[in-house]
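This is start19.cif (mmCIF, C-alpha atoms).
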```
data_start
loop_
_atom_site.label_atom_id
_atom_site.label_comp_id
_atom_site.auth_asym_id
_atom_site.auth_seq_id
_atom_site.Cartn_x
_atom_site.Cartn_y
_atom_site.Cartn_z
CA MET A 23 0.00 0.00 0.00
CA ASN A 24 1.17 3.53 -0.77
CA VAL A 25 2.80 5.11 2.26
CA TRP A 26 0.67 8.23 1.96
CA ARG A 27 -2.51 6.12 1.81
CA LYS A 28 -1.37 4.29 4.94
CA LEU A 29 -0.68 7.57 6.69
CA ARG A 30 -4.05 8.98 5.67
CA ASP A 31 -5.90 5.87 6.88
CA THR A 32 -4.05 6.02 10.19
CA VAL A 33 -4.98 9.67 10.76
CA LEU A 34 -8.63 9.04 9.86
CA ALA A 35 -8.84 5.92 12.02
CA ARG A 36 -7.31 7.66 15.02
CA ALA A 37 -9.73 10.56 14.62
CA ARG A 38 -12.66 8.15 14.55
CA LEU A 39 -11.30 6.31 17.58
CA ALA A 40 -11.03 9.57 19.54
CA ARG A 41 -14.62 10.44 18.61
CA ALA A 42 -15.87 7.00 19.69
CA GLU A 43 -14.15 7.37 23.06
CA ARG A 44 -15.66 10.85 23.54
CA GLN A 45 -19.14 9.59 22.67
CA ALA A 46 -18.77 6.69 25.12
CA GLY A 47 -17.74 9.03 27.93
CA ALA A 48 -20.37 11.69 27.27
CA PRO A 49 -23.67 11.57 29.21
CA GLY A 50 -26.59 10.46 27.08
CA PRO A 51 -30.27 9.65 27.43
CA ALA A 52 -31.02 6.85 29.85
CA ALA A 53 -32.63 3.63 28.64
CA ARG A 54 -36.29 3.10 29.51
CA ALA A 55 -37.03 0.41 32.06
CA ASP A 56 -39.80 -1.03 29.90
CA ASP A 57 -37.70 -1.12 26.71
CA ARG A 58 -38.19 -4.51 25.02
CA ARG A 59 -35.72 -3.83 22.23
CA LEU A 60 -32.62 -5.99 21.87
CA LEU A 61 -29.55 -4.94 19.86
CA MET A 62 -27.24 -7.74 18.73
CA LEU A 63 -23.73 -7.06 17.44
CA VAL A 64 -22.03 -9.87 15.55
CA TRP A 65 -19.53 -9.87 12.71
CA GLU A 66 -21.13 -12.69 10.69
CA PHE A 67 -24.82 -13.47 10.51
CA ALA A 68 -27.08 -15.50 8.24
CA PRO A 69 -26.94 -16.09 5.31
CA ALA A 70 -23.22 -16.29 6.10
CA VAL A 71 -22.27 -19.78 7.29
CA ALA A 72 -19.44 -20.22 9.78
CA GLY A 73 -18.95 -21.80 13.17
CA GLY A 74 -20.04 -18.66 14.96
CA VAL A 75 -23.34 -17.92 13.22
CA TYR A 76 -25.59 -20.52 14.83
CA ARG A 77 -25.76 -19.25 18.42
CA PRO A 78 -26.60 -15.66 17.39
CA ALA A 79 -29.15 -16.98 14.89
CA ALA A 80 -30.87 -19.04 17.59
CA LEU A 81 -30.84 -16.12 20.04
CA ALA A 82 -32.41 -13.81 17.47
CA ARG A 83 -35.06 -16.39 16.58
CA TYR A 84 -36.12 -17.20 20.11
CA ALA A 85 -35.80 -13.67 21.51
CA LEU A 86 -38.25 -12.58 18.84
CA ARG A 87 -40.60 -15.38 19.85
CA ALA A 88 -40.31 -14.26 23.48
CA GLY A 89 -41.58 -10.80 22.61
CA TRP A 90 -38.36 -8.86 22.04
CA ASP A 91 -37.90 -6.40 19.19
CA VAL A 92 -34.62 -7.73 17.79
CA THR A 93 -32.14 -5.79 15.63
CA VAL A 94 -28.90 -7.37 14.44
CA VAL A 95 -26.03 -5.13 13.30
CA THR A 96 -23.57 -7.14 11.23
CA ALA A 97 -21.20 -7.10 8.27
CA PRO A 98 -22.38 -7.39 4.65
CA ALA A 99 -23.90 -10.68 3.55
CA PRO A 100 -21.95 -12.98 1.19
CA THR A 101 -22.51 -12.14 -2.46
CA GLN A 102 -23.38 -15.75 -3.28
CA PRO A 103 -24.88 -17.35 -0.15
CA SER A 104 -25.17 -21.12 -0.03
CA GLN A 105 -28.47 -22.91 0.35
CA ALA A 106 -27.44 -23.70 3.92
CA GLY A 107 -27.06 -19.97 4.58
CA LEU A 108 -30.41 -19.12 3.01
CA ASP A 109 -32.07 -21.83 5.10
CA LEU A 110 -30.44 -20.38 8.21
CA LEU A 111 -31.77 -16.92 7.35
CA ALA A 112 -35.27 -18.37 6.93
CA TYR A 113 -34.84 -20.09 10.32
CA VAL A 114 -34.13 -16.71 11.94
CA GLY A 115 -37.36 -15.35 10.47
CA PRO A 116 -38.41 -12.14 8.75
CA GLY A 117 -39.33 -10.45 12.03
CA VAL A 118 -35.69 -9.87 12.94
CA ARG A 119 -34.37 -6.55 11.65
CA ILE A 120 -30.89 -6.93 10.13
CA ILE A 121 -28.69 -3.85 9.64
CA ARG A 122 -25.61 -4.48 7.51
CA PHE A 123 -22.99 -1.76 7.87
CA LYS A 124 -20.53 -1.00 5.10
CA PRO A 125 -16.88 -1.46 6.16
CA SER A 126 -14.89 1.73 5.68
CA GLY A 127 -11.89 -0.08 4.23
CA LEU A 128 -9.40 1.91 6.31
CA VAL A 129 -6.09 0.10 6.85
CA PRO A 130 -4.15 2.04 9.47
CA SER A 131 -0.55 1.39 10.45
CA VAL A 132 -0.13 -1.56 12.79
CA ARG A 133 2.51 0.42 14.68
CA LEU A 134 0.44 3.57 15.10
CA PHE A 135 -3.03 2.14 15.72
CA PRO A 136 -4.27 -0.37 18.33
CA ARG A 137 -4.34 -4.01 17.27
CA VAL A 138 -7.54 -5.78 18.31
CA ASP A 139 -9.08 -9.09 17.25
CA GLY A 140 -11.35 -8.50 14.27
CA SER A 141 -9.91 -5.00 13.77
CA LEU A 142 -10.67 -1.90 15.77
CA VAL A 143 -11.71 -0.24 12.50
CA ASN A 144 -14.47 -2.86 12.18
CA ALA A 145 -15.57 -2.07 15.73
CA LEU A 146 -15.83 1.60 14.75
CA ASP A 147 -17.83 0.70 11.63
CA MET A 148 -20.15 -1.55 13.64
CA ALA A 149 -20.77 1.09 16.32
CA ASP A 150 -21.42 3.77 13.69
CA GLY A 151 -23.87 1.44 11.92
CA ALA A 152 -25.83 1.00 15.14
CA ARG A 153 -25.88 4.75 15.83
CA ARG A 154 -27.16 5.46 12.33
CA ALA A 155 -29.95 2.91 12.85
CA PHE A 156 -31.07 4.21 16.24
CA GLY A 157 -29.67 7.70 16.62
CA GLY A 158 -29.42 8.50 20.33
CA ASP A 159 -32.23 6.13 21.28
CA LEU A 160 -30.26 2.88 21.55
CA PRO A 161 -31.97 -0.23 22.94
CA ALA A 162 -31.70 -0.91 26.65
CA ARG A 163 -29.91 -4.22 26.12
CA ILE A 164 -26.93 -4.82 23.87
CA VAL A 165 -25.66 -8.34 23.16
CA ALA A 166 -22.27 -8.71 21.46
CA SER A 167 -21.09 -12.13 20.31
CA GLY A 168 -17.47 -12.98 19.51
CA PRO A 169 -15.09 -13.99 18.09
CA PRO A 170 -14.18 -11.82 16.38
CA PHE A 171 -14.20 -9.59 19.44
CA CYS A 172 -14.47 -6.25 17.65
CA SER A 173 -18.18 -6.66 18.45
CA HIS A 174 -17.40 -6.47 22.19
CA VAL A 175 -15.54 -3.22 21.72
CA ALA A 176 -18.45 -1.77 19.73
CA ALA A 177 -20.88 -2.74 22.51
CA MET A 178 -18.68 -1.06 25.13
CA TRP A 179 -18.63 2.17 23.14
CA LEU A 180 -22.36 2.15 22.43
CA ALA A 181 -23.35 1.59 26.06
CA GLY A 182 -20.79 4.07 27.36
CA SER A 183 -21.62 5.31 30.84
CA SER A 184 -25.39 4.92 30.39
CA ASN A 185 -27.62 2.45 32.20
CA ARG A 186 -27.82 0.17 29.16
CA GLN A 187 -27.04 -3.45 29.90
CA VAL A 188 -24.14 -5.04 28.02
CA ILE A 189 -24.10 -8.82 27.58
CA LEU A 190 -20.89 -10.19 26.09
CA GLU A 191 -21.03 -13.68 24.62
CA CYS A 192 -17.67 -15.45 24.36
CA ARG A 193 -18.14 -18.44 22.06
CA ASP A 194 -14.38 -18.95 22.44
CA GLU A 195 -11.75 -17.35 24.64
CA TRP A 196 -10.25 -14.04 23.61
CA THR A 197 -6.64 -13.48 24.71
CA SER A 198 -6.32 -17.00 26.13
CA CYS A 199 -7.64 -18.71 22.99
CA PRO A 200 -5.22 -21.44 21.80
CA PHE A 201 -6.42 -21.34 18.18
CA ASP A 202 -5.20 -19.27 15.28
CA PHE A 203 -8.56 -17.73 14.37
CA VAL A 204 -8.37 -15.31 17.33
CA ASP A 205 -5.73 -12.58 17.56
CA THR A 206 -4.41 -12.69 21.11
CA GLY A 207 -1.38 -10.39 20.89
CA GLY A 208 -0.89 -6.68 20.46
CA ASP A 209 -3.35 -4.52 22.39
CA ASN A 210 -5.91 -7.30 22.87
CA PRO A 211 -5.34 -7.87 26.63
CA ARG A 212 -6.05 -4.23 27.45
CA TRP A 213 -9.18 -4.08 25.31
CA GLU A 214 -10.49 -7.37 26.67
CA SER A 215 -10.14 -6.06 30.22
CA ARG A 216 -11.94 -2.84 29.31
CA CYS A 217 -14.83 -4.72 27.73
CA LEU A 218 -15.21 -7.09 30.67
CA GLN A 219 -15.21 -4.20 33.14
CA ARG A 220 -18.14 -2.61 31.30
CA ALA A 221 -20.10 -5.85 30.88
CA ASP A 222 -23.17 -6.50 33.03
CA ARG A 223 -23.14 -10.16 32.06
CA VAL A 224 -20.63 -12.43 30.33
CA VAL A 225 -21.88 -15.63 28.67
CA VAL A 226 -19.51 -18.54 28.05
CA THR A 227 -20.17 -21.99 26.63
CA THR A 228 -18.53 -24.38 29.15
CA GLU A 229 -17.72 -24.59 32.85
CA SER A 230 -14.04 -25.01 32.02
CA GLN A 231 -14.11 -21.78 30.03
CA LYS A 232 -15.65 -20.03 33.01
CA ARG A 233 -13.00 -21.42 35.38
CA GLN A 234 -10.25 -20.26 33.06
CA MET A 235 -11.66 -16.74 32.89
CA VAL A 236 -12.13 -16.60 36.67
CA ALA A 237 -8.51 -17.64 37.13
CA ARG A 238 -7.43 -14.94 34.70
CA PHE A 239 -9.65 -12.03 35.77
CA GLY A 240 -10.36 -12.72 39.44
CA ALA A 241 -13.10 -14.15 41.65
CA ALA A 242 -15.27 -11.04 41.24
CA PHE A 243 -15.82 -12.17 37.67
CA VAL A 244 -17.90 -15.13 38.93
CA ARG A 245 -20.89 -12.92 39.73
CA SER A 246 -21.25 -11.70 36.15
CA CYS A 247 -20.45 -14.95 34.30
CA THR A 248 -23.09 -17.39 33.07
CA VAL A 249 -22.60 -20.70 31.29
CA VAL A 250 -24.97 -21.34 28.37
CA PRO A 251 -23.86 -24.59 26.67
CA ASN A 252 -24.18 -25.16 22.95
CA GLY A 253 -27.50 -26.80 22.19
CA TRP A 254 -29.44 -28.10 19.23
CA GLU A 255 -32.56 -27.22 17.31
CA PRO A 256 -35.34 -29.68 18.32
CA SER A 257 -36.84 -29.71 14.83
CA GLU A 258 -33.58 -31.12 13.40
CA SER A 259 -34.14 -34.48 15.07
CA ALA A 260 -37.75 -34.87 13.95
CA GLY A 261 -38.31 -38.18 12.18
CA ARG A 262 -34.79 -39.42 12.83
CA ASP A 263 -35.94 -43.03 13.20
CA GLU A 264 -37.69 -43.06 9.84
CA VAL A 265 -34.48 -43.39 7.81
CA THR A 266 -33.20 -46.94 7.53
CA ALA A 267 -31.08 -46.81 4.37
CA GLY A 268 -27.37 -47.37 4.78
CA ALA A 269 -24.03 -47.48 3.02
CA PRO A 270 -23.37 -50.37 0.61
CA PRO A 271 -22.53 -53.67 2.34
CA GLY A 272 -18.87 -54.01 3.16
CA GLN A 273 -18.12 -50.28 3.08
CA VAL A 274 -17.13 -48.05 5.95
CA VAL A 275 -17.76 -44.32 5.71
CA LEU A 276 -15.83 -42.06 8.07
CA THR A 277 -17.42 -38.61 8.21
CA PHE A 278 -15.97 -35.34 9.44
CA ALA A 279 -18.67 -32.66 9.69
CA GLY A 280 -17.41 -29.16 10.37
CA LYS A 281 -15.00 -26.51 9.18
CA LEU A 282 -11.66 -27.89 8.06
CA GLY A 283 -8.37 -26.01 8.33
CA GLY A 284 -6.39 -24.13 10.92
CA HIS A 285 -6.80 -25.82 14.28
CA THR A 286 -8.70 -28.64 12.55
CA ASP A 287 -5.85 -29.47 10.19
CA ALA A 288 -6.27 -32.74 8.32
CA GLY A 289 -2.64 -33.03 7.21
CA ARG A 290 -1.43 -35.67 9.65
CA PHE A 291 -4.66 -37.63 9.34
CA LEU A 292 -4.29 -37.76 5.56
CA GLN A 293 -0.63 -38.78 5.87
CA ALA A 294 -1.63 -41.65 8.17
CA LEU A 295 -4.43 -42.65 5.81
CA ALA A 296 -2.04 -42.69 2.84
CA ARG A 297 0.38 -45.00 4.68
CA LEU A 298 -2.50 -47.22 5.70
CA LEU A 299 -3.73 -47.57 2.11
CA ALA A 300 -0.21 -48.23 0.87
CA ARG A 301 -0.01 -51.22 3.23
CA ARG A 302 -3.59 -52.37 2.62
CA PRO A 303 -4.49 -51.40 -0.97
CA GLU A 304 -7.58 -53.63 -0.91
CA TRP A 305 -9.21 -51.08 1.42
CA LYS A 306 -9.52 -48.56 -1.38
CA SER A 307 -12.67 -50.36 -2.46
CA CYS A 308 -14.32 -50.51 0.97
CA LEU A 309 -13.34 -47.26 2.72
CA ARG A 310 -14.76 -43.79 2.15
CA VAL A 311 -13.65 -40.71 4.08
CA ARG A 312 -16.12 -37.86 3.80
CA PHE A 313 -15.46 -34.21 4.70
CA VAL A 314 -18.68 -32.20 5.01
CA GLY A 315 -18.56 -28.44 5.54
CA ALA A 316 -16.56 -25.32 4.84
CA LYS A 317 -12.84 -25.67 4.11
CA ARG A 318 -10.03 -23.17 4.29
CA ALA A 319 -7.82 -22.80 1.23
CA ASP A 320 -4.97 -24.75 2.84
CA ALA A 321 -7.30 -27.63 3.76
CA LYS A 322 -8.76 -27.66 0.25
CA ARG A 323 -5.25 -28.02 -1.19
CA GLN A 324 -4.53 -30.94 1.14
CA LEU A 325 -7.63 -32.74 -0.08
CA ASP A 326 -7.07 -31.89 -3.74
CA THR A 327 -3.53 -33.27 -3.67
CA PHE A 328 -4.24 -36.44 -1.68
CA GLU A 329 -2.68 -39.39 -3.48
CA HIS A 330 -5.74 -41.66 -3.14
CA PRO A 331 -8.63 -39.41 -4.23
CA GLN A 332 -10.92 -42.37 -4.86
CA VAL A 333 -11.48 -42.83 -1.10
CA LEU A 334 -12.40 -39.17 -0.45
CA ASP A 335 -15.81 -37.51 -0.69
CA VAL A 336 -15.55 -33.73 -0.38
CA MET A 337 -18.91 -32.06 0.27
CA PRO A 338 -19.74 -28.37 0.81
CA VAL A 339 -21.78 -26.89 3.64
CA VAL A 340 -25.24 -28.46 3.73
CA PRO A 341 -28.43 -27.16 5.41
CA LEU A 342 -29.05 -28.19 9.00
CA ALA A 343 -31.76 -30.65 8.04
CA GLY A 344 -29.56 -32.02 5.29
CA ARG A 345 -26.64 -32.53 7.63
CA SER A 346 -28.68 -34.63 10.04
CA ALA A 347 -30.10 -36.61 7.11
CA VAL A 348 -26.60 -37.27 5.77
CA ALA A 349 -25.50 -38.46 9.19
CA ARG A 350 -28.45 -40.84 9.54
CA ILE A 351 -28.29 -42.32 6.05
CA GLU A 352 -24.58 -43.00 5.80
CA ARG A 353 -24.11 -45.45 8.67
CA SER A 354 -20.99 -43.44 9.35
CA VAL A 355 -18.47 -43.42 12.10
CA ALA A 356 -18.16 -39.78 13.18
CA VAL A 357 -14.53 -38.80 13.60
CA PRO A 358 -14.40 -36.06 16.26
CA ARG A 359 -12.63 -32.81 15.45
CA SER A 360 -9.86 -33.77 17.81
CA ALA A 361 -9.10 -36.77 15.60
CA VAL A 362 -7.79 -34.58 12.81
CA ARG A 363 -5.61 -32.39 15.00
CA PRO A 364 -2.01 -33.42 15.72
CA LEU A 365 -2.37 -36.07 18.43
CA SER A 366 0.15 -37.62 20.75
CA ALA A 367 0.45 -41.38 21.04
CA GLY A 368 -2.05 -42.84 23.45
CA GLU A 369 -4.36 -39.82 23.58
CA VAL A 370 -7.89 -41.00 24.37
CA VAL A 371 -10.84 -39.88 22.25
CA ARG A 372 -14.27 -41.40 21.75
CA ILE A 373 -15.51 -42.48 18.35
CA CYS A 374 -19.32 -42.41 18.24
CA SER A 375 -21.57 -44.32 15.89
CA LEU A 376 -24.36 -42.69 13.88
CA GLY A 377 -27.49 -44.44 12.73
CA ALA A 378 -29.34 -47.40 14.16
CA THR A 379 -27.35 -49.86 12.06
CA GLY A 380 -24.04 -48.06 12.19
CA ILE A 381 -20.73 -49.27 13.53
CA ALA A 382 -21.35 -49.62 17.25
CA VAL A 383 -18.02 -48.61 18.72
CA ARG A 384 -18.80 -48.37 22.42
CA ARG A 385 -15.34 -48.41 23.90
CA ARG A 386 -12.57 -45.83 23.92
CA TRP A 387 -10.01 -45.86 21.15
CA ARG A 388 -6.46 -44.75 21.64
CA ILE A 389 -5.19 -42.70 18.71
CA ALA A 390 -1.66 -43.95 18.10
CA PRO A 391 1.04 -42.48 15.85
CA PRO A 392 0.19 -42.09 12.14
CA GLY A 393 -0.25 -45.41 10.33
CA HIS A 394 -1.03 -47.43 13.46
CA ARG A 395 -3.02 -50.64 13.07
CA GLU A 396 -6.00 -49.40 15.13
CA TRP A 397 -7.55 -47.82 12.03
CA ALA A 398 -7.05 -51.14 10.21
CA ARG A 399 -8.75 -53.02 13.00
CA LEU A 400 -11.77 -50.71 12.84
CA VAL A 401 -12.31 -51.30 9.13
CA ASP A 402 -11.73 -55.05 9.39
CA THR A 403 -14.30 -55.25 12.19
CA GLN A 404 -16.97 -53.70 9.99
CA ARG A 405 -16.05 -55.93 7.02
CA ARG A 406 -16.45 -59.03 9.14
CA ARG A 407 -19.85 -57.82 10.42
CA SER A 408 -21.05 -57.26 6.87
CA GLY A 409 -19.89 -60.70 5.79
CA THR A 410 -17.32 -59.57 3.26
CA GLY A 411 -14.30 -60.93 5.06
CA GLY A 412 -10.99 -59.19 5.64
CA GLY A 413 -8.25 -60.21 8.02
CA ALA A 414 -6.98 -58.45 11.09
#
```

Go through the file and emit its structure as structure tokens.
Amino acid sequence: MNVWRKLRDTVLARARLARAERQAGAPGPAARADDRRLLMLVWEFAPAVAGGVYRPAALARYALRAGWDVTVVTAPAPTQPSQAGLDLLAYVGPGVRIIRFKPSGLVPSVRLFPRVDGSLVNALDMADGARRAFGGDLPARIVASGPPFCSHVAAMWLAGSSNRQVILECRDEWTSCPFDFVDTGGDNPRWESRCLQRADRVVVTTESQKRQMVARFGAAFVRSCTVVPNGWEPSESAGRDEVTAGAPPGQVVLTFAGKLGGHTDAGRFLQALARLLARRPEWKSCLRVRFVGAKRADAKRQLDTFEHPQVLDVMPVVPLAGRSAVARIERSVAVPRSAVRPLSAGEVVRICSLGATGIAVRRRWRIAPPGHREWARLVDTQRRRSGTGGGA
């Protein structure tokens, strides 16, 4: 980027940051006690499809049903949404107001402007989008869901010193997150502390996440922290016992459903699979490994260059109902996400069966180094059950 463009963007961004801080500190109109409006701030929302869109979508859907007037402020929608994304938008319902702000495109200097997960510029754009939608009459309750955590910063600015309630949802950790999709360095620790100090309630997804945050931010944090586990949509399981079709006799289908890439890197799994097939070439006709869901560019390259493509099925994101149908029909063994991360020898994971006639693996499997015979034993077990033979 041209140095003068960088300098200009830095000056503009710092001016906007100073204005946001002044607005947050200035006294404003108090929220009404009977205000039933709910403002949600989230970077991605339906019809976008990513790991973080489902909890906000469910909150918007059911808050509306509970009598709240829901407005979601979010980034622009994808230009070509998938059918899964369109189905998710229909699930949310037309009663939810969705405001999509336009990113300013400013790229300030990383040395002269604070570095925050999701970009502080995006937080400024999100806060400005909410102010344009409501003017000075912001809703009494503001829910911000992250990552990315620029939404938390926007919520802090919008609430300022008023009596508006700020609820921060942490679907993953912020500065203590071990994964590469959250920026934990730079100025993030300071901004996380500021956001948590302003929050009236912090929502996390697991008890262990809560314990980690209490250890990091102090016992006083316990009073404002609530655990809301990930759930499921009841309608997804309707009619699950009606499907009885299965995979062809003698075949085993291993299915990974979820986003692939980054902390769910399939590289070592594919290396182990390649060594396995080199030793047991007859398995190429009875083993299918299916990857369902979004894939990062690096993961897509790993799959495209795999030396035994005939055993791979690569599927895009599918609608929620479609995903449960795929799981029921395939008689698949579900390989947990942890099974495609680098694993140490002897690490214990549980492999669960799907479908009434699936492979009933009820015990714990120990994931050994790449190419270990445990994967061979699993496939041979299913071949024997289907009557097609195969030695151990």

**Request:** Using the chain letters and numbers from the file, give me the residues hit by the PyMOL selection byres ((chain A and resi 129-143) around 10), as a PyMOL selection string.
**Result:** chain A and resi 23+25+27-36+38-39+65+125-128+144-149+168-173+175-176+196-197+203-214

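Straight-line separation from CA of Thr248 in chain A to CA of Val226 in chain A: 6.3 Å.
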
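Between Arg318 in chain A and the residues A:Leu108, A:Ala70, A:Leu282, A:Ala162, the shortest atom-to-atom distance, using all atoms listed in the file, involves A:Leu282.
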
**Message:** At a cut-off of 10 Å, using only C-alpha atoms, what residues contact Pro100 in chain A? Leave out same-chain residues fewer than 4 positions from it and give the result as a list in words.
**Reply:** Glu66, Phe67, Ala68, Pro69, Ala70, Val71, Ser104 and Gly107 of chain A

**Request:** Might you pull out every residue within 10 Å of Phe243 in chain A, with all atoms listed in the file counted and same-chain residues fewer than 3 positions away left off, and present them as an NGL selection string?
**Result:** :A and (218-219 or 223-224 or 232-233 or 235-240 or 246-247)

Expected file: the selected residues, C-alpha atoms, as a CSV table (one decimal), in the coordinates of the input:
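Final output, selection27.csv:
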```csv
chain,number,residue,atom,x,y,z
A,218,LEU,CA,-15.2,-7.1,30.7
A,219,GLN,CA,-15.2,-4.2,33.1
A,223,ARG,CA,-23.1,-10.2,32.1
A,224,VAL,CA,-20.6,-12.4,30.3
A,232,LYS,CA,-15.6,-20.0,33.0
A,233,ARG,CA,-13.0,-21.4,35.4
A,235,MET,CA,-11.7,-16.7,32.9
A,236,VAL,CA,-12.1,-16.6,36.7
A,237,ALA,CA,-8.5,-17.6,37.1
A,238,ARG,CA,-7.4,-14.9,34.7
A,239,PHE,CA,-9.6,-12.0,35.8
A,240,GLY,CA,-10.4,-12.7,39.4
A,246,SER,CA,-21.2,-11.7,36.2
A,247,CYS,CA,-20.4,-15.0,34.3
```

**Request:** Measuring atom to atom with only C-alpha atoms, identify which of A:Val250, A:Leu180, A:Val274, A:Ala288 is nearest to Cys308 in chain A.
**Result:**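 Nearest to Cys308 in chain A: A:Val274.
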
**Item:** All residues 9 Å or closer to Gly158 in chain A, only C-alpha atoms, same chain fewer than 2 positions away omitted, as number ranges by chain
**Value:** A: 50-51, 153-154, 156, 160

**Message:** Within 9 Å of (-27.6, -8.7, 17.0) (file coordinates; only C-alpha atoms), which protein or nucleic acid residues are there? I'd like them as JSON, numbers by chain.
**Reply:** {"A": [60, 61, 62, 63, 64, 67, 78, 79, 81, 82, 92, 93, 94, 95, 96, 119, 120, 121, 164, 165, 166, 167]}

**Prompt:** So how far away is CA of Gln273 in chain A from CA of Leu334 in chain A, in Å?
**Reply:** 13.0 Å

**Asked** Written as a count of residues only, which residues does the PyMOL selection byres ((chain A and resi 187) around 10) give for the file shown?
**Response** 19

**Request:** Using only C-alpha atoms, find the one residue out of A:Lys281, A:Asp287, A:Asp159, A:Gln105 that sits nearest to Ala52 in chain A.
**Result:**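 Nearest candidate to Ala52 in chain A out of A:Lys281, A:Asp287, A:Asp159, A:Gln105: A:Asp159.
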
**Residue nearest Gly289 in chain A - candidates A:Thr327, A:Ala242, A:Val314, A:Pro256, atoms counted: only C-alpha atoms** =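 Of A:Thr327, A:Ala242, A:Val314, A:Pro256, the one nearest Gly289 in chain A, counting only C-alpha atoms, is A:Thr327.
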
**Neighbour list for Lys124 in chain A as JSON, numbers by chain, cut-off 8 Å, only C-alpha atoms, skip fewer than 4 positions in-chain** = {"A": [97, 98, 147, 151]}

Place a sphere of radius 7 Å on (-22.9, -23.3, 25.0) in the file coordinates and name every protein, DNA or RNA residue with an atom inside or on its surface, counting only C-alpha atoms; give the answer as a CSV table (one decimal) with C-alpha atoms, keeping the file's coordinate frame.
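New file out_29.csv:
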```csv
chain,number,residue,atom,x,y,z
A,226,VAL,CA,-19.5,-18.5,28.0
A,227,THR,CA,-20.2,-22.0,26.6
A,228,THR,CA,-18.5,-24.4,29.2
A,249,VAL,CA,-22.6,-20.7,31.3
A,250,VAL,CA,-25.0,-21.3,28.4
A,251,PRO,CA,-23.9,-24.6,26.7
A,252,ASN,CA,-24.2,-25.2,23.0
A,253,GLY,CA,-27.5,-26.8,22.2
```

**Request:** Apply the PyMOL selection byres ((chain A and resi 332) around 10) to the file shown and report the selected residues as a list in words.
**Result:** Lys306, Ser307, Leu309, Arg310, Val311, Phe328, Glu329, His330, Pro331, Val333, Leu334 and Asp335 of chain A

**Item:** Distance in Å - CA of Ala112 in chain A versus CA of Ala72 in chain A
**Value:**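 If I compute the distance from CA of Ala112 in chain A to CA of Ala72 in chain A, I get 16.2 Å.
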
Edge lengths and centre, in Å to one decimal, as AutoDock Vina command-line options: that's what I need for the box along x, y and z that holds all listed atoms of range 200-205 of chain A plus 3 Å on each side.
```
--center_x -6.9 --center_y -17.0 --center_z 18.1 --size_x 9.4 --size_y 14.9 --size_z 13.4
```

**Prompt:** From the set A:Arg245, A:Asp202, A:Arg297, A:Gly283, which residue has the shortest atom-to-atom contact distance to Arg323 in chain A, counting only C-alpha atoms?
**Reply:**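 Ranking A:Arg245, A:Asp202, A:Arg297, A:Gly283 by distance to Arg323 in chain A, first place goes to A:Gly283.
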
Save range 153-164 of chain A of the structure in the block above to a file, with N, CA and C atoms included, as a PDB file, in the first residue's frame.
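Generated file (decode_22.pdb):
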```pdb
ATOM      1  N   ARG A 153     -25.451   3.370  15.536  1.00  0.00           N
ATOM      2  CA  ARG A 153     -25.877   4.748  15.826  1.00  0.00           C
ATOM      3  C   ARG A 153     -26.715   5.317  14.689  1.00  0.00           C
ATOM      4  N   ARG A 154     -26.351   4.989  13.454  1.00  0.00           N
ATOM      5  CA  ARG A 154     -27.158   5.461  12.330  1.00  0.00           C
ATOM      6  C   ARG A 154     -28.556   4.842  12.361  1.00  0.00           C
ATOM      7  N   ALA A 155     -28.656   3.583  12.820  1.00  0.00           N
ATOM      8  CA  ALA A 155     -29.948   2.906  12.850  1.00  0.00           C
ATOM      9  C   ALA A 155     -30.854   3.431  13.963  1.00  0.00           C
ATOM     10  N   PHE A 156     -30.268   3.845  15.079  1.00  0.00           N
ATOM     11  CA  PHE A 156     -31.074   4.215  16.245  1.00  0.00           C
ATOM     12  C   PHE A 156     -30.920   5.671  16.665  1.00  0.00           C
ATOM     13  N   GLY A 157     -29.925   6.357  16.129  1.00  0.00           N
ATOM     14  CA  GLY A 157     -29.668   7.700  16.618  1.00  0.00           C
ATOM     15  C   GLY A 157     -29.226   7.650  18.069  1.00  0.00           C
ATOM     16  N   GLY A 158     -29.766   8.514  18.910  1.00  0.00           N
ATOM     17  CA  GLY A 158     -29.415   8.500  20.325  1.00  0.00           C
ATOM     18  C   GLY A 158     -30.262   7.560  21.150  1.00  0.00           C
ATOM     19  N   ASP A 159     -31.299   6.978  20.531  1.00  0.00           N
ATOM     20  CA  ASP A 159     -32.229   6.125  21.276  1.00  0.00           C
ATOM     21  C   ASP A 159     -31.859   4.655  21.106  1.00  0.00           C
ATOM     22  N   LEU A 160     -30.713   4.271  21.648  1.00  0.00           N
ATOM     23  CA  LEU A 160     -30.257   2.884  21.546  1.00  0.00           C
ATOM     24  C   LEU A 160     -31.080   1.987  22.455  1.00  0.00           C
ATOM     25  N   PRO A 161     -31.239   0.699  22.080  1.00  0.00           N
ATOM     26  CA  PRO A 161     -31.968  -0.228  22.941  1.00  0.00           C
ATOM     27  C   PRO A 161     -31.342  -0.361  24.319  1.00  0.00           C
ATOM     28  N   ALA A 162     -32.148  -0.808  25.266  1.00  0.00           N
ATOM     29  CA  ALA A 162     -31.699  -0.911  26.650  1.00  0.00           C
ATOM     30  C   ALA A 162     -30.744  -2.074  26.862  1.00  0.00           C
ATOM     31  N   ARG A 163     -30.763  -3.038  25.970  1.00  0.00           N
ATOM     32  CA  ARG A 163     -29.911  -4.215  26.122  1.00  0.00           C
ATOM     33  C   ARG A 163     -29.138  -4.450  24.832  1.00  0.00           C
ATOM     34  N   ILE A 164     -27.830  -4.625  25.005  1.00  0.00           N
ATOM     35  CA  ILE A 164     -26.926  -4.819  23.874  1.00  0.00           C
ATOM     36  C   ILE A 164     -26.192  -6.134  24.074  1.00  0.00           C
TER      37      ILE A 164
END
```
